[in-house]
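Worksheet: the structure to be examined is printed underneath.
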Amino acid sequence: MAIETEHADGTLIIRLNRPEALNALDVEAMRTLNRVLRDFRDDPALTVGIITGTGERAFCTGADLKKTLPPQSSFAQAYFAPYEQSIDEGLYVRAITLSELNIGKPLIAAVNGHALGGGAEIALDCDLRIASENATFGLPEARWASVPAVGGVSKLLRAVPRAVAMKMILTGDRISAEEAHRVGLVSDLVPAEELLSAALKLAERIKANGPLAIKSLKALADRTQDMPLTQSVAVEQLLWGVLRDTDDRVEGRTAFAERRPPEYQGR
């Protein structure tokens, strides 16, 4: 299958599984990924998601260029068509626009090998990115007379210094894992053989925290990024107030006083 999943004690591992095509996604794989992420969003038993690619050559190299040629219908027809029909008529990018899914749980991109085009955009849509030492990142769409269509330009500009982003965007050049780590595109750099275990350890550290706090922090990060500072601080205070009287917050303080690990219940 082009998309494989594995459950690991509240963590969902999502593998992009077309290694023969450098994990490029055809339209059916995009549909499957969208469905898997919606199920992850709606499953209360799952807390953290990890997206990675099969093999060490590629995380994902974006859309399969051989299978995503323009259709016969016009863009206007596809744009105003219902969701499923619009994908059939060539607006397949809707299926991998993760930000529109409103996933209120942390997503970790474990980037092994090349993350290019739509693959880089999937990684940018995740909350955390860690990379193997052989990873590369790039938005090469200009080389194929196109532009990123899943928020790649705006998200890259938010993730790294403008000069770095513009050089990547306008030239289509890739950057190495070491450079991605230096400019802050990824938080951690690990040997390829340790990548998944590092991602799982990171997921465990997240899951050890108060679940309501994690959901609140995710919401704050997603919703206040473009707000003026005074508004974002006001939203922070509101969510602090929402959490103030929860059982988990009391448990956290009690556990700290008693010098033991907290036992959170999500309430």
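FYI, nothing fancy with the structure tokens labels: chains A, B, ... in order, residues from 1 per chain, ligands from 1 as they appear.
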Could you find all residues in region 155-259 of chain A that DSSP calls alpha helix (DSSP H) from the backbone, and write them as an NGL selection string?
:A and (155-159 or 162-171 or 177-183 or 195-207 or 211-224 or 229-244 or 247-258)
Contacts of Arg57 (chain A) at 12 Å or less, counting only C-alpha atoms, minus same-chain residues fewer than 4 places along, as a ChimeraX atom specification?
/A:17-24,52-53,61,111-116,132-136,192
Atoms to include: N, CA, C and O atoms. Write the selected residues as a PDB file, in the first residue's frame.
```
ATOM      1  N   ASN A  17       4.763   5.110   1.434  1.00  0.00           N
ATOM      2  CA  ASN A  17       5.357   3.831   1.073  1.00  0.00           C
ATOM      3  C   ASN A  17       5.344   3.585  -0.439  1.00  0.00           C
ATOM      4  O   ASN A  17       4.681   2.683  -0.931  1.00  0.00           O
ATOM      5  N   ARG A  18       6.088   4.415  -1.176  1.00  0.00           N
ATOM      6  CA  ARG A  18       6.337   4.152  -2.596  1.00  0.00           C
ATOM      7  C   ARG A  18       7.839   4.326  -2.851  1.00  0.00           C
ATOM      8  O   ARG A  18       8.256   5.220  -3.588  1.00  0.00           O
ATOM      9  N   PRO A  19       8.672   3.512  -2.191  1.00  0.00           N
ATOM     10  CA  PRO A  19      10.126   3.727  -2.296  1.00  0.00           C
ATOM     11  C   PRO A  19      10.648   3.652  -3.716  1.00  0.00           C
ATOM     12  O   PRO A  19      11.637   4.311  -4.055  1.00  0.00           O
ATOM     13  N   GLU A  20       9.984   2.867  -4.578  1.00  0.00           N
ATOM     14  CA  GLU A  20      10.425   2.767  -5.972  1.00  0.00           C
ATOM     15  C   GLU A  20      10.249   4.077  -6.718  1.00  0.00           C
ATOM     16  O   GLU A  20      10.885   4.316  -7.755  1.00  0.00           O
ATOM     17  N   ALA A  21       9.383   4.969  -6.189  1.00  0.00           N
ATOM     18  CA  ALA A  21       9.155   6.286  -6.790  1.00  0.00           C
ATOM     19  C   ALA A  21       9.610   7.399  -5.845  1.00  0.00           C
ATOM     20  O   ALA A  21       9.120   8.527  -5.905  1.00  0.00           O
ATOM     21  N   LEU A  22      10.577   7.093  -4.975  1.00  0.00           N
ATOM     22  CA  LEU A  22      11.069   8.042  -3.972  1.00  0.00           C
ATOM     23  C   LEU A  22       9.917   8.597  -3.134  1.00  0.00           C
ATOM     24  O   LEU A  22       9.915   9.750  -2.743  1.00  0.00           O
ATOM     25  N   ASN A  23       8.937   7.723  -2.885  1.00  0.00           N
ATOM     26  CA  ASN A  23       7.763   8.065  -2.067  1.00  0.00           C
ATOM     27  C   ASN A  23       6.975   9.249  -2.615  1.00  0.00           C
ATOM     28  O   ASN A  23       6.286   9.948  -1.857  1.00  0.00           O
ATOM     29  N   ALA A  24       7.064   9.463  -3.942  1.00  0.00           N
ATOM     30  CA  ALA A  24       6.190  10.436  -4.583  1.00  0.00           C
ATOM     31  C   ALA A  24       4.748   9.943  -4.476  1.00  0.00           C
ATOM     32  O   ALA A  24       4.487   8.734  -4.454  1.00  0.00           O
ATOM     33  N   THR A  52       6.627   9.651   8.169  1.00  0.00           N
ATOM     34  CA  THR A  52       7.955   9.346   7.658  1.00  0.00           C
ATOM     35  C   THR A  52       7.829   8.633   6.323  1.00  0.00           C
ATOM     36  O   THR A  52       6.714   8.372   5.853  1.00  0.00           O
ATOM     37  N   GLY A  53       8.949   8.360   5.679  1.00  0.00           N
ATOM     38  CA  GLY A  53       8.936   7.654   4.405  1.00  0.00           C
ATOM     39  C   GLY A  53       9.583   6.290   4.535  1.00  0.00           C
ATOM     40  O   GLY A  53      10.411   6.066   5.430  1.00  0.00           O
ATOM     41  N   THR A  61       8.955  12.968  -2.311  1.00  0.00           N
ATOM     42  CA  THR A  61       9.374  13.906  -3.357  1.00  0.00           C
ATOM     43  C   THR A  61       8.178  14.589  -4.005  1.00  0.00           C
ATOM     44  O   THR A  61       8.255  15.055  -5.139  1.00  0.00           O
ATOM     45  N   VAL A 111      12.098  13.057   8.816  1.00  0.00           N
ATOM     46  CA  VAL A 111      12.502  13.208   7.412  1.00  0.00           C
ATOM     47  C   VAL A 111      13.750  12.386   7.128  1.00  0.00           C
ATOM     48  O   VAL A 111      14.836  12.685   7.615  1.00  0.00           O
ATOM     49  N   ASN A 112      13.562  11.361   6.333  1.00  0.00           N
ATOM     50  CA  ASN A 112      14.633  10.465   5.919  1.00  0.00           C
ATOM     51  C   ASN A 112      14.871  10.658   4.428  1.00  0.00           C
ATOM     52  O   ASN A 112      14.002  10.371   3.613  1.00  0.00           O
ATOM     53  N   GLY A 113      16.009  11.195   4.035  1.00  0.00           N
ATOM     54  CA  GLY A 113      16.269  11.396   2.613  1.00  0.00           C
ATOM     55  C   GLY A 113      15.612  12.664   2.096  1.00  0.00           C
ATOM     56  O   GLY A 113      15.428  13.638   2.820  1.00  0.00           O
ATOM     57  N   HIS A 114      15.236  12.629   0.810  1.00  0.00           N
ATOM     58  CA  HIS A 114      14.766  13.843   0.145  1.00  0.00           C
ATOM     59  C   HIS A 114      13.349  14.224   0.571  1.00  0.00           C
ATOM     60  O   HIS A 114      12.439  13.389   0.575  1.00  0.00           O
ATOM     61  N   ALA A 115      13.164  15.495   0.912  1.00  0.00           N
ATOM     62  CA  ALA A 115      11.840  16.085   1.145  1.00  0.00           C
ATOM     63  C   ALA A 115      11.711  17.231   0.151  1.00  0.00           C
ATOM     64  O   ALA A 115      12.223  18.332   0.390  1.00  0.00           O
ATOM     65  N   LEU A 116      11.065  16.967  -0.960  1.00  0.00           N
ATOM     66  CA  LEU A 116      11.056  17.914  -2.074  1.00  0.00           C
ATOM     67  C   LEU A 116       9.629  18.235  -2.496  1.00  0.00           C
ATOM     68  O   LEU A 116       8.737  17.379  -2.434  1.00  0.00           O
ATOM     69  N   SER A 132      17.178  12.875   9.362  1.00  0.00           N
ATOM     70  CA  SER A 132      18.376  12.045   9.309  1.00  0.00           C
ATOM     71  C   SER A 132      19.479  12.848   8.633  1.00  0.00           C
ATOM     72  O   SER A 132      19.231  13.840   7.940  1.00  0.00           O
ATOM     73  N   GLU A 133      20.702  12.427   8.847  1.00  0.00           N
ATOM     74  CA  GLU A 133      21.846  13.180   8.343  1.00  0.00           C
ATOM     75  C   GLU A 133      21.929  13.206   6.827  1.00  0.00           C
ATOM     76  O   GLU A 133      22.625  14.046   6.255  1.00  0.00           O
ATOM     77  N   ASN A 134      21.198  12.305   6.162  1.00  0.00           N
ATOM     78  CA  ASN A 134      21.209  12.292   4.692  1.00  0.00           C
ATOM     79  C   ASN A 134      20.003  12.998   4.091  1.00  0.00           C
ATOM     80  O   ASN A 134      19.753  12.909   2.880  1.00  0.00           O
ATOM     81  N   ALA A 135      19.238  13.716   4.891  1.00  0.00           N
ATOM     82  CA  ALA A 135      18.034  14.395   4.392  1.00  0.00           C
ATOM     83  C   ALA A 135      18.407  15.615   3.551  1.00  0.00           C
ATOM     84  O   ALA A 135      19.465  16.227   3.736  1.00  0.00           O
ATOM     85  N   THR A 136      17.530  15.955   2.623  1.00  0.00           N
ATOM     86  CA  THR A 136      17.637  17.210   1.890  1.00  0.00           C
ATOM     87  C   THR A 136      16.241  17.814   1.789  1.00  0.00           C
ATOM     88  O   THR A 136      15.235  17.099   1.844  1.00  0.00           O
ATOM     89  N   ALA A 192      20.653   8.119  10.322  1.00  0.00           N
ATOM     90  CA  ALA A 192      19.477   7.557   9.654  1.00  0.00           C
ATOM     91  C   ALA A 192      18.881   6.380  10.415  1.00  0.00           C
ATOM     92  O   ALA A 192      17.660   6.257  10.535  1.00  0.00           O
TER      93      ALA A 192
END
```
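Of note, CA of Pro140 (chain A) and CA of Gly117 (chain A) are spaced 6.0 Å apart.
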With distances taken over only C-alpha atoms, which of A:Gly104, A:Gly119, A:Gly151, A:Gly241 is nearest to Arg223 (chain A)?
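Smallest distance to Arg223 (chain A) is found for A:Gly104.
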Excluding Leu189 (chain A) and residues on its chain fewer than 5 positions from it, collect all residues at most 12 Å away from it, counting only C-alpha atoms, and give them as a ChimeraX atom specification.
/A:110-112,129-136,176-182,184,194-196,198-199
Could you turn the residues from that selection into a file that holds C-alpha atoms, as a tab-separated table (two decimals), in the first residue's frame?
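Saved the output as out-v5.tsv:
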```
chain	number	residue	atom	x	y	z
A	110	ALA	CA	10.69	12.27	10.61
A	111	VAL	CA	12.50	13.21	7.41
A	112	ASN	CA	14.63	10.47	5.92
A	129	ARG	CA	10.61	18.25	12.10
A	130	ILE	CA	13.57	16.00	12.81
A	131	ALA	CA	15.88	14.76	10.08
A	132	SER	CA	18.38	12.05	9.31
A	133	GLU	CA	21.85	13.18	8.34
A	134	ASN	CA	21.21	12.29	4.69
A	135	ALA	CA	18.03	14.40	4.39
A	136	THR	CA	17.64	17.21	1.89
A	176	SER	CA	21.33	19.65	3.21
A	177	ALA	CA	20.17	18.29	6.54
A	178	GLU	CA	23.06	20.10	8.24
A	179	GLU	CA	22.02	23.42	6.68
A	180	ALA	CA	18.35	22.77	7.54
A	181	HIS	CA	19.38	22.25	11.15
A	182	ARG	CA	21.58	25.35	11.16
A	184	GLY	CA	16.14	26.10	12.16
A	194	GLU	CA	18.12	6.28	14.74
A	195	LEU	CA	15.51	8.50	13.09
A	196	LEU	CA	12.32	6.63	13.93
A	198	ALA	CA	14.24	9.50	17.99
A	199	ALA	CA	10.80	10.48	16.72
```
How far is it from CA of Ala120 (chain A) to CA of Leu156 (chain A), in Å with one decimal?
9.2 Å
List every residue of region 14-95 of chain A that DSSP, applied to the backbone of this structure, assigns to strand (DSSP E), and report them as a ChimeraX atom specification.
/A:14-16,48-53,58-60
Counting only C-alpha atoms, the residue among A:Val190, A:Val250, A:Ile51, A:Leu220 that lies closest to Leu107 (chain A) is A:Ile51
CA of Glu263 (chain A) and CA of Ser216 (chain A) are how many Å apart?
18.4 Å
Can you pull out every residue within 12 Å of region 95-102 of chain A, counting only C-alpha atoms, but drop anything in the same chain fewer than 3 positions away, and send it as JSON, numbers by chain?
{"A": [25, 26, 27, 28, 29, 30, 31, 32, 33, 34, 35, 36, 37, 38, 39, 40, 41, 42, 51, 62, 63, 83, 84, 85, 86, 87, 88, 90, 91, 92, 105, 106, 107, 117, 118, 119, 120, 121, 122, 123, 124, 125, 126, 127, 148, 149, 150, 151, 152, 155, 215, 218, 219, 222, 223]}
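Taking only C-alpha atoms into account, Arg249 (chain A) lies nearest to A:Leu212 out of the set A:Ala234, A:Leu212, A:Ala8, A:Leu229.
Candidate residues A:Gln77, A:Cys60, A:Gly252, A:Val160 were compared for distance to Ala208 (chain A), and the nearest is A:Gly252, using only C-alpha atoms.
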Using only C-alpha atoms, the residue out of A:Ala142, A:Ile206, A:Ala213, A:Leu46 with shortest distance to Val242 (chain A) is A:Ala213
